[in-house]
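Pasted below: input_14.txt, compact mmCIF, C-alpha atoms.
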```
# COMPACT_ATOMS: atom_id res chain seq x y z
CA MET J 2 11.07 -10.43 -11.36
CA LYS J 3 11.04 -6.79 -10.28
CA ILE J 4 8.08 -5.36 -8.36
CA LEU J 5 7.68 -1.69 -7.48
CA PHE J 6 5.49 -0.97 -4.46
CA ILE J 7 4.59 2.71 -3.91
CA GLY J 8 3.61 4.03 -0.48
CA ASP J 9 0.36 5.80 0.39
CA ILE J 10 -0.53 8.26 -2.38
CA CYS J 11 -1.71 11.49 -0.72
CA GLY J 12 -4.01 13.74 -2.72
CA LYS J 13 -3.30 15.51 -5.98
CA PRO J 14 0.41 16.08 -5.18
CA GLY J 15 0.87 12.33 -4.74
CA ARG J 16 -0.88 11.63 -8.02
CA GLN J 17 1.35 14.21 -9.70
CA ALA J 18 4.42 12.37 -8.39
CA ILE J 19 3.10 9.11 -9.85
CA CYS J 20 2.41 10.76 -13.20
CA GLU J 21 5.87 12.29 -13.55
CA LEU J 22 8.16 9.81 -11.78
CA LEU J 23 6.65 6.38 -12.41
CA PRO J 24 7.62 6.03 -16.10
CA LYS J 25 11.26 6.81 -15.25
CA LEU J 26 11.32 4.38 -12.33
CA LYS J 27 9.80 1.56 -14.36
CA LYS J 28 12.47 2.03 -16.99
CA GLU J 29 15.32 2.43 -14.50
CA PHE J 30 14.52 -0.73 -12.54
CA GLN J 31 12.98 -2.79 -15.37
CA ILE J 32 9.76 -3.21 -13.39
CA ASN J 33 7.40 -6.10 -14.18
CA LEU J 34 4.59 -5.07 -11.83
CA THR J 35 3.66 -1.79 -10.10
CA ILE J 36 1.49 -1.75 -6.96
CA ALA J 37 0.49 1.37 -5.01
CA ASN J 38 -1.58 2.12 -1.93
CA CYS J 39 -4.28 4.64 -2.91
CA GLU J 40 -6.48 5.02 0.18
CA ASN J 41 -5.62 8.74 0.54
CA ALA J 42 -5.45 9.58 -3.16
CA ALA J 43 -8.65 11.67 -3.24
CA GLY J 44 -8.05 14.88 -1.33
CA GLY J 45 -6.09 13.09 1.36
CA LEU J 46 -8.88 10.73 2.42
CA GLY J 47 -10.35 7.91 0.33
CA VAL J 48 -10.36 7.23 -3.38
CA THR J 49 -12.87 7.47 -6.22
CA PRO J 50 -13.40 5.27 -9.28
CA GLN J 51 -12.20 8.16 -11.45
CA ILE J 52 -8.92 8.40 -9.54
CA VAL J 53 -8.50 4.63 -9.75
CA GLU J 54 -8.69 4.96 -13.53
CA GLU J 55 -6.34 7.95 -13.45
CA LEU J 56 -3.68 5.99 -11.56
CA HIS J 57 -4.04 3.02 -13.89
CA GLY J 58 -3.51 5.42 -16.77
CA TYR J 59 -0.23 6.54 -15.20
CA GLY J 60 1.03 2.95 -15.17
CA VAL J 61 -0.01 1.54 -11.78
CA ASP J 62 -1.14 -2.04 -12.32
CA LEU J 63 -2.75 -2.82 -8.98
CA LEU J 64 -4.02 -0.66 -6.11
CA THR J 65 -4.26 -1.50 -2.42
CA SER J 66 -5.96 0.54 0.30
CA GLY J 67 -6.78 0.54 4.01
CA ASN J 68 -9.13 1.88 6.65
CA HIS J 69 -9.98 5.01 4.61
CA ILE J 70 -11.20 3.02 1.60
CA TRP J 71 -14.86 4.02 2.20
CA ASP J 72 -14.29 7.74 2.88
CA LYS J 73 -15.61 8.70 -0.57
CA LYS J 74 -19.19 7.53 -1.08
CA GLU J 75 -18.67 6.85 -4.79
CA ILE J 76 -16.37 3.91 -4.09
CA VAL J 77 -18.94 2.11 -1.91
CA LYS J 78 -21.25 1.79 -4.89
CA ASP J 79 -18.63 1.11 -7.56
CA ILE J 80 -15.79 -0.82 -5.92
CA GLU J 81 -16.93 -4.03 -7.59
CA LEU J 82 -16.27 -2.37 -10.95
CA CYS J 83 -12.70 -1.48 -9.97
CA VAL J 84 -11.24 -4.89 -10.75
CA ASN J 85 -7.66 -4.02 -9.79
CA LEU J 86 -8.48 -2.26 -6.51
CA LEU J 87 -8.20 -4.13 -3.20
CA ARG J 88 -9.69 -3.31 0.19
CA PRO J 89 -8.51 -5.01 3.40
CA ALA J 90 -9.35 -8.72 3.29
CA ASN J 91 -10.20 -8.76 6.99
CA TYR J 92 -13.35 -6.69 6.72
CA PRO J 93 -16.38 -8.77 7.80
CA LEU J 94 -18.22 -11.02 5.38
CA GLY J 95 -20.67 -9.10 3.22
CA VAL J 96 -18.46 -6.06 2.65
CA PRO J 97 -18.17 -5.28 -1.10
CA GLY J 98 -14.91 -5.59 -2.99
CA LYS J 99 -12.10 -8.09 -2.56
CA GLY J 100 -9.01 -8.34 -0.38
CA SER J 101 -6.76 -10.45 -2.56
CA VAL J 102 -6.10 -11.18 -6.21
CA VAL J 103 -3.81 -13.09 -8.54
CA PHE J 104 -2.54 -10.63 -11.14
CA LYS J 105 -1.00 -11.77 -14.41
CA THR J 106 1.72 -9.43 -15.66
CA ILE J 107 2.43 -8.56 -19.27
CA ASP J 108 5.26 -11.12 -19.03
CA ASN J 109 2.72 -13.83 -18.09
CA LEU J 110 3.95 -14.01 -14.49
CA LYS J 111 1.33 -14.61 -11.81
CA VAL J 112 1.60 -12.56 -8.62
CA GLY J 113 -0.68 -12.91 -5.63
CA VAL J 114 -1.42 -9.70 -3.73
CA ILE J 115 -3.16 -9.49 -0.35
CA ASN J 116 -4.33 -6.36 1.49
CA VAL J 117 -4.97 -6.62 5.25
CA ALA J 118 -5.40 -4.02 8.01
CA GLY J 119 -4.06 -4.08 11.56
CA ARG J 120 -6.25 -3.91 14.65
CA VAL J 121 -4.18 -1.99 17.22
CA TYR J 122 -5.46 1.64 17.34
CA MET J 123 -7.53 0.85 14.26
CA GLN J 124 -11.09 -0.38 13.59
CA ASN J 125 -12.55 -3.67 14.77
CA PHE J 126 -11.26 -5.68 11.83
CA ASP J 127 -11.17 -9.48 11.81
CA CYS J 128 -7.82 -10.96 12.86
CA PRO J 129 -5.27 -9.96 10.17
CA PHE J 130 -3.01 -12.89 11.09
CA ARG J 131 -5.62 -15.59 10.58
CA VAL J 132 -7.21 -13.94 7.56
CA ALA J 133 -3.83 -13.45 5.85
CA LYS J 134 -2.91 -17.08 6.54
CA ARG J 135 -6.13 -18.23 4.89
CA GLU J 136 -5.60 -15.96 1.87
CA VAL J 137 -1.99 -17.12 1.47
CA GLU J 138 -3.08 -20.76 1.41
CA ASN J 139 -5.61 -19.99 -1.32
CA LEU J 140 -3.19 -17.97 -3.47
CA LYS J 141 -0.45 -20.59 -3.20
CA LYS J 142 -2.60 -22.86 -5.35
CA GLN J 143 -1.89 -20.49 -8.25
CA THR J 144 1.47 -18.84 -7.57
CA LYS J 145 4.52 -18.84 -5.31
CA ILE J 146 4.93 -15.05 -5.56
CA ILE J 147 2.78 -13.36 -2.91
CA ILE J 148 2.96 -9.73 -1.75
CA ILE J 149 1.11 -8.42 1.33
CA ASP J 150 0.26 -4.79 2.04
CA PHE J 151 -0.17 -4.73 5.84
CA HIS J 152 -1.94 -1.46 6.56
CA ALA J 153 -1.35 -0.95 10.27
CA GLU J 154 -0.48 1.65 12.89
CA VAL J 155 1.79 -0.11 15.38
CA THR J 156 5.36 -1.24 14.68
CA SER J 157 5.11 -4.23 17.01
CA GLU J 158 2.01 -5.57 15.24
CA LYS J 159 3.74 -5.23 11.88
CA ASN J 160 6.90 -6.95 13.20
CA ALA J 161 4.92 -9.83 14.70
CA PHE J 162 2.90 -10.23 11.50
CA ALA J 163 6.11 -10.47 9.45
CA TRP J 164 7.59 -13.18 11.67
CA TYR J 165 4.27 -15.03 11.65
CA LEU J 166 4.36 -15.32 7.86
CA ASN J 167 8.15 -15.47 7.45
CA GLY J 168 8.93 -17.86 4.60
CA GLU J 169 5.28 -18.13 3.55
CA VAL J 170 5.19 -15.05 1.29
CA SER J 171 7.56 -13.04 -0.89
CA ALA J 172 7.13 -9.68 0.86
CA ILE J 173 5.28 -7.97 3.70
CA LEU J 174 5.16 -4.21 3.20
CA GLY J 175 3.80 -1.89 5.87
CA THR J 176 1.64 1.11 5.01
CA HIS J 177 -0.56 3.65 6.85
CA THR J 178 1.80 5.78 9.00
CA HIS J 179 3.10 7.82 6.00
CA VAL J 180 6.61 7.82 7.51
CA GLN J 181 9.16 5.70 5.68
CA THR J 182 11.19 3.44 7.97
CA ALA J 183 14.82 2.40 7.44
CA ASP J 184 14.47 -1.25 8.46
CA GLU J 185 14.11 -2.96 5.08
CA LYS J 186 15.46 -6.53 5.23
CA ILE J 187 15.13 -10.08 4.00
CA LEU J 188 13.92 -12.35 6.80
CA PRO J 189 15.53 -15.82 7.22
CA GLY J 190 12.71 -17.54 5.32
CA GLY J 191 13.16 -15.35 2.24
CA THR J 192 10.41 -12.81 2.98
CA ALA J 193 11.21 -9.15 2.27
CA TYR J 194 9.99 -6.75 4.96
CA ILE J 195 9.76 -3.06 5.77
CA THR J 196 7.70 -1.57 8.61
CA ASP J 197 6.42 1.31 6.50
CA VAL J 198 6.99 2.10 2.84
CA GLY J 199 6.24 5.80 3.42
CA MET J 200 4.06 8.38 1.70
CA THR J 201 3.91 9.64 -1.86
CA GLY J 202 2.95 13.28 -1.63
CA PRO J 203 3.95 16.55 0.05
CA GLN J 204 6.87 16.08 2.44
CA ASP J 205 6.57 19.68 3.74
CA SER J 206 3.55 18.67 5.82
CA VAL J 207 2.32 16.62 8.76
CA ILE J 208 1.87 13.19 7.14
CA GLY J 209 0.40 14.94 4.09
CA ALA J 210 -1.73 17.61 5.77
CA LYS J 211 -0.92 21.31 5.94
CA LYS J 212 1.32 21.88 8.98
CA GLU J 213 -0.63 24.79 10.42
CA ILE J 214 -3.91 22.86 10.48
CA ALA J 215 -2.32 19.80 12.10
CA ILE J 216 -0.60 21.92 14.75
CA GLN J 217 -3.88 23.64 15.64
CA ARG J 218 -5.55 20.28 16.13
CA PHE J 219 -2.87 19.22 18.59
CA LEU J 220 -2.91 22.56 20.41
CA LEU J 221 -6.69 22.96 20.70
CA GLN J 222 -7.89 19.32 20.65
CA MET J 223 -10.77 20.35 18.40
CA PRO J 224 -11.85 18.70 15.15
CA VAL J 225 -10.55 20.36 12.00
CA LYS J 226 -10.74 19.62 8.31
CA PHE J 227 -7.37 18.50 7.02
CA ASP J 228 -6.25 20.02 3.72
CA VAL J 229 -3.48 18.36 1.70
CA ALA J 230 -0.23 20.32 1.59
CA SER J 231 1.46 20.99 -1.74
CA ASP J 232 5.21 21.55 -1.30
CA ASP J 233 8.30 19.33 -1.47
CA ILE J 234 6.65 16.39 -3.23
CA VAL J 235 8.29 12.97 -2.95
CA LEU J 236 7.60 9.42 -4.07
CA CYS J 237 8.33 6.75 -1.46
CA GLY J 238 8.41 3.07 -2.23
CA VAL J 239 10.43 -0.11 -2.46
CA VAL J 240 11.73 -2.19 -5.35
CA LEU J 241 11.59 -5.94 -4.81
CA ASP J 242 13.58 -8.55 -6.72
CA ILE J 243 11.73 -11.86 -6.42
CA ASP J 244 12.89 -15.29 -7.57
CA GLU J 245 10.22 -16.41 -10.03
CA ASN J 246 10.77 -20.11 -9.32
CA THR J 247 10.80 -20.10 -5.51
CA GLY J 248 8.85 -16.95 -4.68
CA LYS J 249 11.64 -15.91 -2.30
CA ALA J 250 12.84 -12.33 -2.16
CA LYS J 251 16.38 -11.72 -3.39
CA SER J 252 16.50 -8.02 -2.47
CA ILE J 253 14.49 -5.06 -1.25
CA GLU J 254 15.59 -1.50 -2.05
CA ARG J 255 14.04 1.55 -0.41
CA LEU J 256 13.14 4.50 -2.69
CA HIS J 257 12.73 8.18 -1.81
CA ARG J 258 12.56 10.27 -4.97
CA LYS J 259 11.83 13.99 -5.05
CA LEU J 260 9.71 15.62 -7.72
CA CYS J 261 11.79 18.45 -9.16
```

Final structure tokens representation of the file:
Amino acid sequence: MKILFIGDICGKPGRQAICELLPKLKKEFQINLTIANCENAAGGLGVTPQIVEELHGYGVDLLTSGNHIWDKKEIVKDIELCVNLLRPANYPLGVPGKGSVVFKTIDNLKVGVINVAGRVYMQNFDCPFRVAKREVENLKKQTKIIIIDFHAEVTSEKNAFAWYLNGEVSAILGTHTHVQTADEKILPGGTAYITDVGMTGPQDSVIGAKKEIAIQRFLLQMPVKFDVASDDIVLCGVVLDIDENTGKAKSIERLHRKLC
């Protein structure tokens, strides 16, 4: 089966890229399931229930997130109603929402998806390694195809996480840094891996924010409000080809498509 995973959607420009490019990509690659990280989809920080519905309307089947999931107050109240939106599974017990799901595609294929967040230079999340291991064991009761969005800052943590679960899942896809890496590979156990899928949004920016504002923050070391840039919009992602019988990855192809 073919799975399209789209990197961090940044603001309105990122949503525009999804709207215009996703139908073509789904047709080009014969996609069975589309997943996207949406934690920055609302003005560059957070997401709202309305934007969740908007992205579903564009053809995204399942949405993952990360440490910015609660940045818009509306989602705190309504995340339980967003059935195809995940937050990191390693938040403490009692946090609303869910961190994993088994999604049934239109072709009747079951795919397990897990969202976890790293801990290095991040919040005090529960251990992503142990939590992911637990979630994988639960999902394996229903499907052999399991995709993990590992939303983390540090390359070494992402690398270690991939080797820890090598052969246990179909793919481990890094998000959060907004910079697409060129290290896509199939690990020896059949797990597809990339350190960071990249950002879907304005490339003429500093990880999505207007350059001038970001530069001033570094120069002056004072807090500033980031505004999403608007030029040179790209869609970053990966296309996975997964063996439906074994759950092993057959290929991973990096995507970097510009919105004309």

Which one of J:Ile107, J:Val114, J:Leu5, J:Leu260 sits closest to Pro89 of chain J if you count only C-alpha atoms? J:Val114

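Atom pair atom CA of Arg88 of chain J / atom CA of Thr196 of chain J has a distance of 19.4 Å (rounded to one decimal).
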
Between J:Met123, J:Val102, J:Cys83, J:Leu220, which has the minimum distance to Thr178 of chain J (counting all atoms listed in the file)? J:Met123

Of the candidates J:Ala193, J:Val229, J:Leu110, J:Leu94, which shows the shortest atom-to-atom distance to Ile214 of chain J, using all atoms listed in the file? J:Val229

Identify which of the residues J:Leu166, J:Ile32, J:Cys237, J:Ala215 lies closest to Ala18 of chain J, counting all atoms listed in the file when measuring atom-to-atom distances. J:Cys237

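Of the listed residues (J:Glu81, J:Asp108, J:Glu245, J:Asp228), J:Asp228 comes nearest to Ile208 of chain J; the distances count all atoms listed in the file.
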
What would the list of residues within 8 Å of (-2.3, -2.0, 17.9) (file frame) look like as a ChimeraX atom specification, if all atoms listed in the file are what count? /J:119-123,153-155,157-158

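For the residues J:Ala133, J:Val207, J:Leu256, J:Val235, ranking by smallest atom-to-atom distance to Gln17 of chain J using all atoms listed in the file places J:Val235 first.
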
Please, which residues are within 12 Å of (3.6, 11.1, 6.5) by the file's coordinates, counting only C-alpha atoms, and could they come as a PyMOL selection string? chain J and resi 8-11+15+41+45+176-182+197-212+215+229-230+234-237

Excluding Gly47 of chain J and any residue of its chain fewer than 2 positions from it, enumerate the residues within 12 Å of it, using all atoms listed in the file, and give them as a VMD selection string. chain J and resid 9 to 12 38 to 45 49 to 53 65 to 77 88

Only N, CA and C atoms, please: segment 68-99 of chain J from the block, as a PDB file, in the first residue's frame.
```
ATOM      1  N   ASN J  68       4.163  19.314  20.292  1.00  0.00           N
ATOM      2  CA  ASN J  68       4.158  20.108  21.511  1.00  0.00           C
ATOM      3  C   ASN J  68       3.330  21.386  21.421  1.00  0.00           C
ATOM      4  N   HIS J  69       2.947  21.805  20.210  1.00  0.00           N
ATOM      5  CA  HIS J  69       2.125  23.016  20.061  1.00  0.00           C
ATOM      6  C   HIS J  69       0.632  22.694  19.936  1.00  0.00           C
ATOM      7  N   ILE J  70       0.248  21.463  20.211  1.00  0.00           N
ATOM      8  CA  ILE J  70      -1.139  21.052  20.016  1.00  0.00           C
ATOM      9  C   ILE J  70      -2.114  21.910  20.827  1.00  0.00           C
ATOM     10  N   TRP J  71      -1.702  22.412  21.998  1.00  0.00           N
ATOM     11  CA  TRP J  71      -2.638  23.144  22.862  1.00  0.00           C
ATOM     12  C   TRP J  71      -2.541  24.663  22.699  1.00  0.00           C
ATOM     13  N   ASP J  72      -1.826  25.148  21.706  1.00  0.00           N
ATOM     14  CA  ASP J  72      -1.598  26.591  21.592  1.00  0.00           C
ATOM     15  C   ASP J  72      -2.850  27.391  21.224  1.00  0.00           C
ATOM     16  N   LYS J  73      -3.862  26.730  20.706  1.00  0.00           N
ATOM     17  CA  LYS J  73      -5.146  27.389  20.447  1.00  0.00           C
ATOM     18  C   LYS J  73      -6.169  26.820  21.435  1.00  0.00           C
ATOM     19  N   LYS J  74      -6.773  27.698  22.224  1.00  0.00           N
ATOM     20  CA  LYS J  74      -7.624  27.243  23.325  1.00  0.00           C
ATOM     21  C   LYS J  74      -8.815  26.413  22.859  1.00  0.00           C
ATOM     22  N   GLU J  75      -9.261  26.636  21.627  1.00  0.00           N
ATOM     23  CA  GLU J  75     -10.432  25.901  21.132  1.00  0.00           C
ATOM     24  C   GLU J  75     -10.208  24.400  21.101  1.00  0.00           C
ATOM     25  N   ILE J  76      -8.958  23.987  20.826  1.00  0.00           N
ATOM     26  CA  ILE J  76      -8.695  22.556  20.667  1.00  0.00           C
ATOM     27  C   ILE J  76      -8.711  21.833  22.003  1.00  0.00           C
ATOM     28  N   VAL J  77      -8.406  22.546  23.090  1.00  0.00           N
ATOM     29  CA  VAL J  77      -8.407  21.918  24.414  1.00  0.00           C
ATOM     30  C   VAL J  77      -9.806  21.405  24.735  1.00  0.00           C
ATOM     31  N   LYS J  78     -10.791  22.209  24.407  1.00  0.00           N
ATOM     32  CA  LYS J  78     -12.182  21.852  24.707  1.00  0.00           C
ATOM     33  C   LYS J  78     -12.735  20.809  23.739  1.00  0.00           C
ATOM     34  N   ASP J  79     -12.294  20.858  22.481  1.00  0.00           N
ATOM     35  CA  ASP J  79     -12.955  20.061  21.445  1.00  0.00           C
ATOM     36  C   ASP J  79     -12.113  18.951  20.832  1.00  0.00           C
ATOM     37  N   ILE J  80     -10.933  18.666  21.375  1.00  0.00           N
ATOM     38  CA  ILE J  80     -10.091  17.655  20.737  1.00  0.00           C
ATOM     39  C   ILE J  80     -10.756  16.281  20.723  1.00  0.00           C
ATOM     40  N   GLU J  81     -11.575  15.992  21.718  1.00  0.00           N
ATOM     41  CA  GLU J  81     -12.256  14.698  21.755  1.00  0.00           C
ATOM     42  C   GLU J  81     -13.223  14.532  20.578  1.00  0.00           C
ATOM     43  N   LEU J  82     -13.687  15.648  20.024  1.00  0.00           N
ATOM     44  CA  LEU J  82     -14.600  15.593  18.887  1.00  0.00           C
ATOM     45  C   LEU J  82     -13.859  15.416  17.561  1.00  0.00           C
ATOM     46  N   CYS J  83     -12.558  15.684  17.573  1.00  0.00           N
ATOM     47  CA  CYS J  83     -11.746  15.546  16.356  1.00  0.00           C
ATOM     48  C   CYS J  83     -11.211  14.117  16.299  1.00  0.00           C
ATOM     49  N   VAL J  84     -12.019  13.216  15.770  1.00  0.00           N
ATOM     50  CA  VAL J  84     -11.725  11.786  15.895  1.00  0.00           C
ATOM     51  C   VAL J  84     -10.466  11.360  15.152  1.00  0.00           C
ATOM     52  N   ASN J  85     -10.078  12.087  14.126  1.00  0.00           N
ATOM     53  CA  ASN J  85      -8.894  11.711  13.350  1.00  0.00           C
ATOM     54  C   ASN J  85      -7.726  12.667  13.575  1.00  0.00           C
ATOM     55  N   LEU J  86      -7.668  13.229  14.791  1.00  0.00           N
ATOM     56  CA  LEU J  86      -6.553  14.092  15.199  1.00  0.00           C
ATOM     57  C   LEU J  86      -5.849  13.450  16.397  1.00  0.00           C
ATOM     58  N   LEU J  87      -4.524  13.277  16.283  1.00  0.00           N
ATOM     59  CA  LEU J  87      -3.741  12.718  17.379  1.00  0.00           C
ATOM     60  C   LEU J  87      -2.923  13.801  18.062  1.00  0.00           C
ATOM     61  N   ARG J  88      -2.716  13.637  19.367  1.00  0.00           N
ATOM     62  CA  ARG J  88      -1.733  14.420  20.108  1.00  0.00           C
ATOM     63  C   ARG J  88      -0.688  13.411  20.605  1.00  0.00           C
ATOM     64  N   PRO J  89       0.488  13.879  21.032  1.00  0.00           N
ATOM     65  CA  PRO J  89       1.506  12.933  21.475  1.00  0.00           C
ATOM     66  C   PRO J  89       0.988  11.972  22.542  1.00  0.00           C
ATOM     67  N   ALA J  90       1.264  10.693  22.345  1.00  0.00           N
ATOM     68  CA  ALA J  90       0.785   9.656  23.258  1.00  0.00           C
ATOM     69  C   ALA J  90       1.475   9.716  24.607  1.00  0.00           C
ATOM     70  N   ASN J  91       2.630  10.384  24.673  1.00  0.00           N
ATOM     71  CA  ASN J  91       3.380  10.399  25.934  1.00  0.00           C
ATOM     72  C   ASN J  91       3.111  11.629  26.791  1.00  0.00           C
ATOM     73  N   TYR J  92       1.965  12.293  26.568  1.00  0.00           N
ATOM     74  CA  TYR J  92       1.479  13.232  27.571  1.00  0.00           C
ATOM     75  C   TYR J  92       1.036  12.421  28.797  1.00  0.00           C
ATOM     76  N   PRO J  93       1.004  13.021  29.982  1.00  0.00           N
ATOM     77  CA  PRO J  93       0.590  12.291  31.181  1.00  0.00           C
ATOM     78  C   PRO J  93      -0.851  11.812  31.094  1.00  0.00           C
ATOM     79  N   LEU J  94      -1.173  10.829  31.927  1.00  0.00           N
ATOM     80  CA  LEU J  94      -2.545  10.345  32.021  1.00  0.00           C
ATOM     81  C   LEU J  94      -3.471  11.488  32.416  1.00  0.00           C
ATOM     82  N   GLY J  95      -4.648  11.511  31.832  1.00  0.00           N
ATOM     83  CA  GLY J  95      -5.618  12.553  32.138  1.00  0.00           C
ATOM     84  C   GLY J  95      -5.697  13.651  31.103  1.00  0.00           C
ATOM     85  N   VAL J  96      -4.690  13.712  30.203  1.00  0.00           N
ATOM     86  CA  VAL J  96      -4.714  14.709  29.136  1.00  0.00           C
ATOM     87  C   VAL J  96      -5.754  14.298  28.090  1.00  0.00           C
ATOM     88  N   PRO J  97      -6.604  15.200  27.614  1.00  0.00           N
ATOM     89  CA  PRO J  97      -7.630  14.818  26.631  1.00  0.00           C
ATOM     90  C   PRO J  97      -7.018  14.425  25.295  1.00  0.00           C
ATOM     91  N   GLY J  98      -7.830  13.756  24.487  1.00  0.00           N
ATOM     92  CA  GLY J  98      -7.379  13.308  23.174  1.00  0.00           C
ATOM     93  C   GLY J  98      -6.715  11.945  23.236  1.00  0.00           C
ATOM     94  N   LYS J  99      -6.203  11.508  22.091  1.00  0.00           N
ATOM     95  CA  LYS J  99      -5.562  10.194  22.023  1.00  0.00           C
ATOM     96  C   LYS J  99      -4.260  10.296  21.228  1.00  0.00           C
TER      97      LYS J  99
END
```
